[in-house]
Each structure stands twice: as structure tokens, then as C-alpha cells.
$ cat final-v1.pdb   # PDB, C-alpha atoms and all ligand atoms
ATOM      1  CA  MET Z  12      11.362 -13.697 -17.066
ATOM      2  CA  GLU Z  13      11.418 -11.578 -20.209
ATOM      3  CA  PRO Z  14      11.615  -7.874 -19.386
ATOM      4  CA  ARG Z  15       8.853  -5.821 -20.964
ATOM      5  CA  THR Z  16       8.737  -2.127 -21.732
ATOM      6  CA  ILE Z  17       5.535  -0.104 -21.976
ATOM      7  CA  GLN Z  18       4.533   3.478 -22.663
ATOM      8  CA  ILE Z  19       2.114   5.267 -20.300
ATOM      9  CA  HIS Z  20       1.215   8.851 -21.157
ATOM     10  CA  ASP Z  21       4.569  10.552 -21.842
ATOM     11  CA  SER Z  22       6.793   8.035 -20.049
ATOM     12  CA  GLU Z  23       8.458   4.701 -20.620
ATOM     13  CA  PHE Z  24       8.320   1.997 -17.960
ATOM     14  CA  SER Z  25       9.902  -1.434 -17.743
ATOM     15  CA  THR Z  26       9.066  -4.502 -15.664
ATOM     16  CA  TYR Z  27      10.601  -4.283 -12.217
ATOM     17  CA  ILE Z  28       8.855  -6.735  -9.844
ATOM     18  CA  PHE Z  29       7.148  -9.692 -11.463
ATOM     19  CA  GLU Z  30       3.841 -11.042 -10.207
ATOM     20  CA  GLU Z  31       5.509 -14.243  -8.935
ATOM     21  CA  GLU Z  32       7.766 -12.282  -6.588
ATOM     22  CA  ILE Z  33       4.909 -10.056  -5.453
ATOM     23  CA  ILE Z  34       2.792 -13.079  -4.542
ATOM     24  CA  ALA Z  35       5.695 -14.801  -2.756
ATOM     25  CA  ARG Z  36       6.304 -11.714  -0.621
ATOM     26  CA  ILE Z  37       2.608 -11.207   0.096
ATOM     27  CA  THR Z  38       2.348 -14.844   1.179
ATOM     28  CA  MET Z  39       5.086 -14.240   3.768
ATOM     29  CA  LEU Z  40       3.298 -11.115   5.028
ATOM     30  CA  ALA Z  41       0.051 -13.041   5.388
ATOM     31  CA  GLU Z  42       1.780 -15.725   7.476
ATOM     32  CA  GLN Z  43       3.258 -13.069   9.741
ATOM     33  CA  ILE Z  44      -0.117 -11.342  10.156
ATOM     34  CA  ASP Z  45      -1.801 -14.683  10.910
ATOM     35  CA  LYS Z  46       0.643 -15.190  13.785
ATOM     36  CA  ASP Z  47       0.576 -11.640  15.131
ATOM     37  CA  TYR Z  48      -3.219 -11.282  15.056
ATOM     38  CA  ALA Z  49      -4.308 -14.848  15.854
ATOM     39  CA  ASP Z  50      -6.644 -13.833  18.701
ATOM     40  CA  LYS Z  51      -7.219 -10.201  17.794
ATOM     41  CA  GLN Z  52      -9.834 -10.258  15.029
ATOM     42  CA  PRO Z  53      -8.181  -7.333  13.236
ATOM     43  CA  LEU Z  54      -9.966  -4.715  11.167
ATOM     44  CA  PHE Z  55      -8.105  -4.142   7.906
ATOM     45  CA  LEU Z  56      -8.568  -0.633   6.539
ATOM     46  CA  ALA Z  57      -7.612  -0.659   2.880
ATOM     47  CA  VAL Z  58      -6.710   2.676   1.337
ATOM     48  CA  LEU Z  59      -8.214   2.943  -2.153
ATOM     49  CA  ASN Z  60      -7.514   3.099  -5.012
ATOM     50  CA  GLY Z  61      -3.941   1.877  -5.161
ATOM     51  CA  SER Z  62      -4.214  -0.976  -2.676
ATOM     52  CA  PHE Z  63      -6.952  -2.994  -4.349
ATOM     53  CA  MET Z  64      -4.823  -5.778  -5.862
ATOM     54  CA  PHE Z  65      -2.600  -6.018  -2.793
ATOM     55  CA  VAL Z  66      -5.619  -6.261  -0.505
ATOM     56  CA  SER Z  67      -7.192  -9.017  -2.520
ATOM     57  CA  ASP Z  68      -4.031 -11.111  -2.823
ATOM     58  CA  LEU Z  69      -3.068 -10.547   0.843
ATOM     59  CA  LEU Z  70      -6.415 -11.177   2.479
ATOM     60  CA  LYS Z  71      -7.173 -14.381   0.629
ATOM     61  CA  ARG Z  72      -3.986 -15.710   2.231
ATOM     62  CA  VAL Z  73      -4.875 -14.486   5.731
ATOM     63  CA  SER Z  74      -6.763 -17.264   7.494
ATOM     64  CA  ILE Z  75      -7.637 -15.782  10.902
ATOM     65  CA  PRO Z  76     -11.030 -14.156  11.590
ATOM     66  CA  CYS Z  77     -10.873 -10.537  10.411
ATOM     67  CA  GLU Z  78     -12.879  -7.678   8.965
ATOM     68  CA  VAL Z  79     -12.044  -5.507   5.989
ATOM     69  CA  SER Z  80     -13.272  -2.072   5.059
ATOM     70  CA  PHE Z  81     -12.249   0.443   2.411
ATOM     71  CA  ILE Z  82     -11.364   4.093   2.836
ATOM     72  CA  ARG Z  83     -10.122   6.798   0.518
ATOM     73  CA  LEU Z  84      -7.741   9.670   1.044
ATOM     74  CA  SER Z  85      -6.127  10.950  -2.044
ATOM     75  CA  SER Z  86      -3.056  13.130  -1.532
ATOM     76  CA  TYR Z  87      -0.836  12.415  -4.506
ATOM     77  CA  GLN Z  88      -0.891  14.005  -7.937
ATOM     78  CA  ASP Z  89       1.315  13.207 -10.890
ATOM     79  CA  MET Z  90       4.729  11.855  -9.847
ATOM     80  CA  HIS Z  91       5.347  14.011  -6.782
ATOM     81  CA  SER Z  92       3.810  13.865  -3.341
ATOM     82  CA  THR Z  93       1.910  16.993  -2.390
ATOM     83  CA  GLY Z  94       2.379  16.166   1.262
ATOM     84  CA  LYS Z  95      -1.223  17.081   1.974
ATOM     85  CA  VAL Z  96      -3.341  14.566   3.819
ATOM     86  CA  LYS Z  97      -7.028  15.024   3.281
ATOM     87  CA  GLU Z  98      -9.799  13.704   5.494
ATOM     88  CA  ILE Z  99     -10.660  10.027   5.705
ATOM     89  CA  LEU Z 100     -13.604   9.171   3.473
ATOM     90  CA  GLY Z 101     -15.791   6.138   4.019
ATOM     91  CA  LEU Z 102     -14.764   5.126   7.518
ATOM     92  CA  THR Z 103     -18.071   3.841   8.867
ATOM     93  CA  GLU Z 104     -16.679   1.375  11.428
ATOM     94  CA  ASP Z 105     -16.232   2.305  15.068
ATOM     95  CA  ILE Z 106     -12.542   1.549  15.594
ATOM     96  CA  PHE Z 107     -12.556   2.178  19.374
ATOM     97  CA  GLY Z 108     -10.779  -0.746  21.035
ATOM     98  CA  ARG Z 109     -10.135  -2.498  17.714
ATOM     99  CA  HIS Z 110      -6.852  -3.823  16.332
ATOM    100  CA  VAL Z 111      -6.534  -1.887  13.081
ATOM    101  CA  VAL Z 112      -4.193  -2.703  10.196
ATOM    102  CA  ILE Z 113      -3.930  -0.085   7.441
ATOM    103  CA  LEU Z 114      -3.343  -1.586   3.985
ATOM    104  CA  GLU Z 115      -1.450   0.721   1.618
ATOM    105  CA  ASP Z 116      -0.003   0.416  -1.856
ATOM    106  CA  ILE Z 117       3.185   2.352  -1.200
ATOM    107  CA  VAL Z 118       4.841   4.482   1.472
ATOM    108  CA  ASP Z 119       6.969   7.230  -0.074
ATOM    109  CA  THR Z 120       7.504  10.346   2.083
ATOM    110  CA  GLY Z 121       5.180   8.827   4.664
ATOM    111  CA  HIS Z 122       3.035  11.980   4.799
ATOM    112  CA  THR Z 123      -0.102  10.060   3.878
ATOM    113  CA  VAL Z 124       0.326   7.244   6.374
ATOM    114  CA  HIS Z 125       1.510   9.624   9.092
ATOM    115  CA  GLY Z 126      -1.581  11.803   8.692
ATOM    116  CA  LEU Z 127      -3.851   8.790   8.578
ATOM    117  CA  LEU Z 128      -2.276   7.316  11.723
ATOM    118  CA  GLN Z 129      -2.770  10.588  13.596
ATOM    119  CA  GLN Z 130      -6.431  10.769  12.665
ATOM    120  CA  LEU Z 131      -7.081   7.123  13.508
ATOM    121  CA  LYS Z 132      -5.305   7.305  16.871
ATOM    122  CA  GLU Z 133      -7.742  10.034  17.968
ATOM    123  CA  LYS Z 134     -10.447   7.383  17.777
ATOM    124  CA  SER Z 135      -8.683   5.218  20.417
ATOM    125  CA  PRO Z 136      -8.140   1.902  18.653
ATOM    126  CA  ALA Z 137      -6.447  -0.870  20.683
ATOM    127  CA  SER Z 138      -3.582  -0.791  18.157
ATOM    128  CA  VAL Z 139      -2.789   0.470  14.662
ATOM    129  CA  GLU Z 140      -0.159  -0.940  12.331
ATOM    130  CA  VAL Z 141       0.585  -0.443   8.649
ATOM    131  CA  ALA Z 142       1.016  -3.111   5.980
ATOM    132  CA  THR Z 143       2.266  -1.827   2.643
ATOM    133  CA  LEU Z 144       3.063  -3.515  -0.625
ATOM    134  CA  LEU Z 145       5.960  -1.190  -1.392
ATOM    135  CA  MET Z 146       8.113   1.213   0.564
ATOM    136  CA  LYS Z 147      10.791   3.723  -0.449
ATOM    137  CA  PRO Z 148      12.926   3.864   2.730
ATOM    138  CA  ASP Z 149      15.179   6.620   1.342
ATOM    139  CA  CYS Z 150      12.173   8.946   0.976
ATOM    140  CA  LEU Z 151      10.627   8.530   4.413
ATOM    141  CA  GLN Z 152      10.321  11.894   6.174
ATOM    142  CA  HIS Z 153       8.668  10.757   9.395
ATOM    143  CA  ASP Z 154      10.001   8.937  12.404
ATOM    144  CA  MET Z 155       7.649   5.993  12.241
ATOM    145  CA  LYS Z 156       7.900   2.257  11.958
ATOM    146  CA  ILE Z 157       6.076   0.488   9.146
ATOM    147  CA  LYS Z 158       5.598  -2.994  10.564
ATOM    148  CA  TYR Z 159       4.694  -4.954   7.431
ATOM    149  CA  VAL Z 160       6.509  -4.203   4.168
ATOM    150  CA  ALA Z 161       6.225  -6.663   1.292
ATOM    151  CA  ARG Z 162       9.055  -5.079  -0.699
ATOM    152  CA  SER Z 163      11.380  -2.060  -0.338
ATOM    153  CA  ILE Z 164      12.311  -0.196  -3.519
ATOM    154  CA  PRO Z 165      14.642   2.676  -4.456
ATOM    155  CA  ASN Z 166      13.375   6.189  -5.077
ATOM    156  CA  ASP Z 167      11.953   5.571  -8.551
ATOM    157  CA  PHE Z 168       8.398   6.076  -9.723
ATOM    158  CA  VAL Z 169       6.551   2.788 -10.200
ATOM    159  CA  VAL Z 170       3.214   1.743 -11.703
ATOM    160  CA  GLY Z 171       1.171  -1.431 -11.963
ATOM    161  CA  TYR Z 172      -0.406  -3.918  -9.579
ATOM    162  CA  GLY Z 173      -2.846  -1.240  -8.413
ATOM    163  CA  LEU Z 174      -0.563   1.782  -8.713
ATOM    164  CA  ASP Z 175      -1.294   4.357 -11.383
ATOM    165  CA  TYR Z 176       0.386   7.085 -13.348
ATOM    166  CA  ASN Z 177      -2.276   9.745 -13.802
ATOM    167  CA  GLY Z 178      -5.026   7.164 -13.885
ATOM    168  CA  LEU Z 179      -3.378   4.533 -16.070
ATOM    169  CA  GLY Z 180      -1.509   1.337 -15.239
ATOM    170  CA  ARG Z 181      -3.461   0.022 -12.245
ATOM    171  CA  ASN Z 182      -4.497  -3.125 -14.121
ATOM    172  CA  LEU Z 183      -0.944  -4.290 -14.859
ATOM    173  CA  ARG Z 184      -0.146  -7.572 -13.114
ATOM    174  CA  ASP Z 185       3.537  -6.714 -12.554
ATOM    175  CA  VAL Z 186       5.153  -3.597 -11.069
ATOM    176  CA  TYR Z 187       6.924  -1.401 -13.622
ATOM    177  CA  SER Z 188       9.581   1.208 -12.920
ATOM    178  CA  ILE Z 189      10.082   4.433 -14.857
ATOM    179  CA  VAL Z 190      12.834   4.437 -17.462
ATOM    180  CA  SER Z 191      12.430   7.929 -18.907
TER     181      SER Z 191
HETATM  182  P1  LIG E 201       3.516   9.532   0.597
HETATM  183  O1  LIG E 201       2.461  10.336   1.301
HETATM  184  O2  LIG E 201       4.064   8.410   1.417
HETATM  185  O3  LIG E 201       4.597  10.410   0.045
HETATM  186  O4  LIG E 201       2.854   8.930  -0.678
HETATM  187  C1  LIG E 201       1.932   7.951  -0.591
HETATM  188  C2  LIG E 201       1.069   7.869  -1.817
HETATM  189  O5  LIG E 201       1.696   8.443  -2.964
HETATM  190  C3  LIG E 201       0.843   6.437  -2.158
HETATM  191  O6  LIG E 201      -0.282   5.930  -1.490
HETATM  192  C4  LIG E 201       0.679   6.482  -3.668
HETATM  193  O7  LIG E 201      -0.661   6.737  -3.996
HETATM  194  C5  LIG E 201       1.536   7.643  -4.103
HETATM  195  N1  LIG E 201       2.870   7.226  -4.568
HETATM  196  C6  LIG E 201       4.051   7.363  -3.933
HETATM  197  N2  LIG E 201       5.061   6.874  -4.659
HETATM  198  C7  LIG E 201       4.504   6.395  -5.795
HETATM  199  C8  LIG E 201       5.043   5.730  -6.951
HETATM  200  O8  LIG E 201       6.249   5.462  -7.119
HETATM  201  N3  LIG E 201       4.132   5.371  -7.906
HETATM  202  C9  LIG E 201       2.791   5.618  -7.788
HETATM  203  N4  LIG E 201       2.016   5.228  -8.797
HETATM  204  N5  LIG E 201       2.258   6.233  -6.715
HETATM  205  C10 LIG E 201       3.113   6.611  -5.728
HETATM  206 MG    MG E 202      -1.798   4.849  -1.323
HETATM  207 MG    MG E 203      -1.884   7.709  -7.756
END

$ encode --input "final-v1.pdb" --output "C-alpha cells" --more "lines below"
Ligand code: 5GP
Ligand code: MG
Ligand code: MG
Amino acid sequence: MEPRTIQIHDSEFSTYIFEEEIIARITMLAEQIDKDYADKQPLFLAVLNGSFMFVSDLLKRVSIPCEVSFIRLSSYQDMHSTGKVKEILGLTEDIFGRHVVILEDIVDTGHTVHGLLQQLKEKSPASVEVATLLMKPDCLQHDMKIKYVARSIPNDFVVGYGLDYNGLGRNLRDVYSIVS
């Protein structure tokens, strides 16, 4: 695959994970989820905005009965995590007794997912797990297990496939990593 370089705002990015690899990894995740949740009718809670492409490509490969709903909780500005977890917006489902799977674009410090897990656990679901497209294991600051990770990456800022840099880049079909 030909590497491509693009400019977004003040920064240069180059192709890092091509769509073909993303889809192959998501397909494996979907198979694993199908097995693990065969009789559980999970409720997928997708965290907008960054997860939208991941959610679509993952859930069309999940073949068990399931529900999906979308929530928001923005806590990230620019290229650095603020570490602040805001309230959950848009959670209309009663998750009591449900098997919940959070769908995230990326786990960096883990502040966001950690805060979200704490708030969801107060509502007494039967179980809560996290499925993320990307994870930066070297950045994780919480003692928690992320059960479903499509792809681990080093500590570099990435855009594309749903992820943005100050609003731009979400529509890119591949994941790009910052060059400068
Ligand atoms: P955490 O709370 O785990 O530090 O950060 C999670 C959120 O920060 C993600 O949901 C995502 O919105 C944003 N984020 C973390 N790393 C990156 C990155 O490399 N690129 C982009 N575009 N967003 C990121
Ligand atoms: Mg996110
Ligand atoms: Mg963002």
C-alpha cells in the first residue's frame, strides 16, 4: 500500500493503519463478541463522536441479537487529554441487569473509560466490558482491563476512521499518525 501524507491544521500526518487491516481486526473482534455474548443480548453503548465508523463496521459483523445506543461524553481537547470526565449524555436505556459493552474509538490515559465505567456500574448492570478500536497501552493510568482491543498503538497522536484533530479528519478511511 502506498503511504500517503496529509496536512490537517498545523500538522502533518501519514498513513499508519490501512482500512484493510482495520477491517480484518474488527472482524476478529466481532467473532469474539459473538461467542462471548451468544445468549446475553448485549447492549452496545457507543461513545460519540469518535466511535462512529468503528461501531458501524463492528456491529454489521456481529450476528447475535443485540441493541445499540449512542452516548456522548467529551473530555479531550486538542492533542492532550484533560483527564476530566463529564456526565453521560443521551443514556436513555435502563441498564439494570443488562450486559453492557462500551464501544470507544481509543483508550489513551483511560480517564474517560474509567470515569464512564464508574458511572455505569452505579446503575447495576449485569456486566460491563469495553471494546475499543485503538489502545495506547503505554499511556494507561488506571488499573483496568480492556477486554476487546482491535489494535494497540504507540504513544503517538492519530486521526482518521472516526478520530479527529480539532474537528477534522474523522472522514478518513485509514488511520493516520502524526509526523510533525
Ligand atoms: P483518555 O481519557 O483515555 O486519555 O482519552 C480518551 C479520548 O481521548 C478518546 O476517546 C479520544 O477522543 C481522545 N484521544 C486519545 N488519544 C487520541 C489520539 O491519538 N487521537 C485522537 N484523535 N483522539 C485521541
Ligand atoms: Mg472516545
Ligand atoms: Mg477528539

$ resolve_selection --input "final-v1.pdb" --expression "the PyMOL selection byres (((chain Z and resi 140) around 10) and not hetatm)" --output "mmCIF file with C-alpha atoms, in the coordinates of the input"
data_model
loop_
_atom_site.group_PDB
_atom_site.id
_atom_site.type_symbol
_atom_site.label_atom_id
_atom_site.label_comp_id
_atom_site.auth_asym_id
_atom_site.auth_seq_id
_atom_site.Cartn_x
_atom_site.Cartn_y
_atom_site.Cartn_z
ATOM 1 C CA PHE Z 55 -8.105 -4.142 7.906
ATOM 2 C CA HIS Z 110 -6.852 -3.823 16.332
ATOM 3 C CA VAL Z 111 -6.534 -1.887 13.081
ATOM 4 C CA VAL Z 112 -4.193 -2.703 10.196
ATOM 5 C CA ILE Z 113 -3.930 -0.085 7.441
ATOM 6 C CA LEU Z 114 -3.343 -1.586 3.985
ATOM 7 C CA LEU Z 128 -2.276 7.316 11.723
ATOM 8 C CA SER Z 138 -3.582 -0.791 18.157
ATOM 9 C CA VAL Z 139 -2.789 0.470 14.662
ATOM 10 C CA VAL Z 141 0.585 -0.443 8.649
ATOM 11 C CA ALA Z 142 1.016 -3.111 5.980
ATOM 12 C CA LYS Z 156 7.900 2.257 11.958
ATOM 13 C CA ILE Z 157 6.076 0.488 9.146
ATOM 14 C CA LYS Z 158 5.598 -2.994 10.564
ATOM 15 C CA TYR Z 159 4.694 -4.954 7.431
#

$ residues_around --input "final-v1.pdb" --residues "Gln18 of chain Z" --least-positions-apart "4" --cutoff "10 Å" --atoms "only C-alpha atoms" --output "list in words"
Ser22, Glu23, Phe24, Ser25, Gly180, Ile189, Val190 and Ser191 of chain Z

$ residues_near_ligand --input "final-v1.pdb" --ligand "ligand LIG 201 (chain E)" --cutoff "6 Å" --atoms "only C-alpha atoms and all ligand atoms" --output "ChimeraX atom specification"
/Z:61,87,92,94,116-123,167-170,174-176

$ closest_residue --input "final-v1.pdb" --among "Z:Lys147, Z:His125, Z:Lys132, Z:Arg162" --to "Leu40 of chain Z" --atoms "only C-alpha atoms"
Z:Arg162

$ closest_residue --input "final-v1.pdb" --among "Z:Ile44, Z:Ile33, Z:Leu84, Z:Ala137" --to "ligand MG 203 (chain E)" --atoms "all atoms listed in the file"
Z:Leu84

$ atom_distance --input "final-v1.pdb" --atom1 "atom CA of Ile19 of chain Z" --atom2 "atom CA of Gly171 of chain Z"
10.7 Å

$ closest_residue --input "final-v1.pdb" --among "Z:Asn60, Z:Ser188, Z:Thr38, Z:Thr103" --to "ligand MG 203 (chain E)" --atoms "only C-alpha atoms and all ligand atoms"
Z:Asn60

$ atom_distance --input "final-v1.pdb" --atom1 "atom CA of His153 of chain Z" --atom2 "atom CA of Asn177 of chain Z"
25.7 Å

$ resolve_selection --input "final-v1.pdb" --expression "the PyMOL selection byres (((chain Z and resi 65) around 8) and not hetatm)" --output "list in words"
Ile37, Ser62, Phe63, Met64, Val66, Ser67, Asp68, Leu69, Asp116, Leu144, Tyr172 and Gly173 of chain Z

$ residues_near_point --input "final-v1.pdb" --point "(-17.9, -1.9, 12.1)" --cutoff "10 Å" --atoms "all atoms listed in the file" --output "number ranges by chain"
Z: 54, 78-80, 102-107, 109

$ atom_distance --input "final-v1.pdb" --atom1 "atom CA of Met12 of chain Z" --atom2 "atom CA of Cys150 of chain Z"
29.0 Å

$ closest_residue --input "final-v1.pdb" --among "Z:Arg83, Z:Arg15, Z:Arg184, Z:Lys134" --to "ligand MG 202 (chain E)" --atoms "all atoms listed in the file"
Z:Arg83

$ closest_residue --input "final-v1.pdb" --among "Z:Ile99, Z:Ile17, Z:Ala49, Z:Val124" --to "Cys77 of chain Z" --atoms "only C-alpha atoms"
Z:Ala49

$ closest_residue --input "final-v1.pdb" --among "Z:Val73, Z:Ile34, Z:Ala41, Z:Ile82" --to "ligand MG 202 (chain E)" --atoms "only C-alpha atoms and all ligand atoms"
Z:Ile82

$ axis_aligned_box --input "final-v1.pdb" --around "segment 177-181 of chain Z" --padding-each-side "3 Å" --output "lines of an AutoDock Vina configuration file"
center_x = -3.3
center_y = 4.9
center_z = -14.2
size_x = 9.5
size_y = 15.7
size_z = 9.8

$ resolve_selection --input "final-v1.pdb" --expression "the PyMOL selection byres (((chain Z and resi 28) around 7) and not hetatm)" --output "VMD selection string"
chain Z and resid 26 to 27 29 to 30 32 to 33 185 to 187
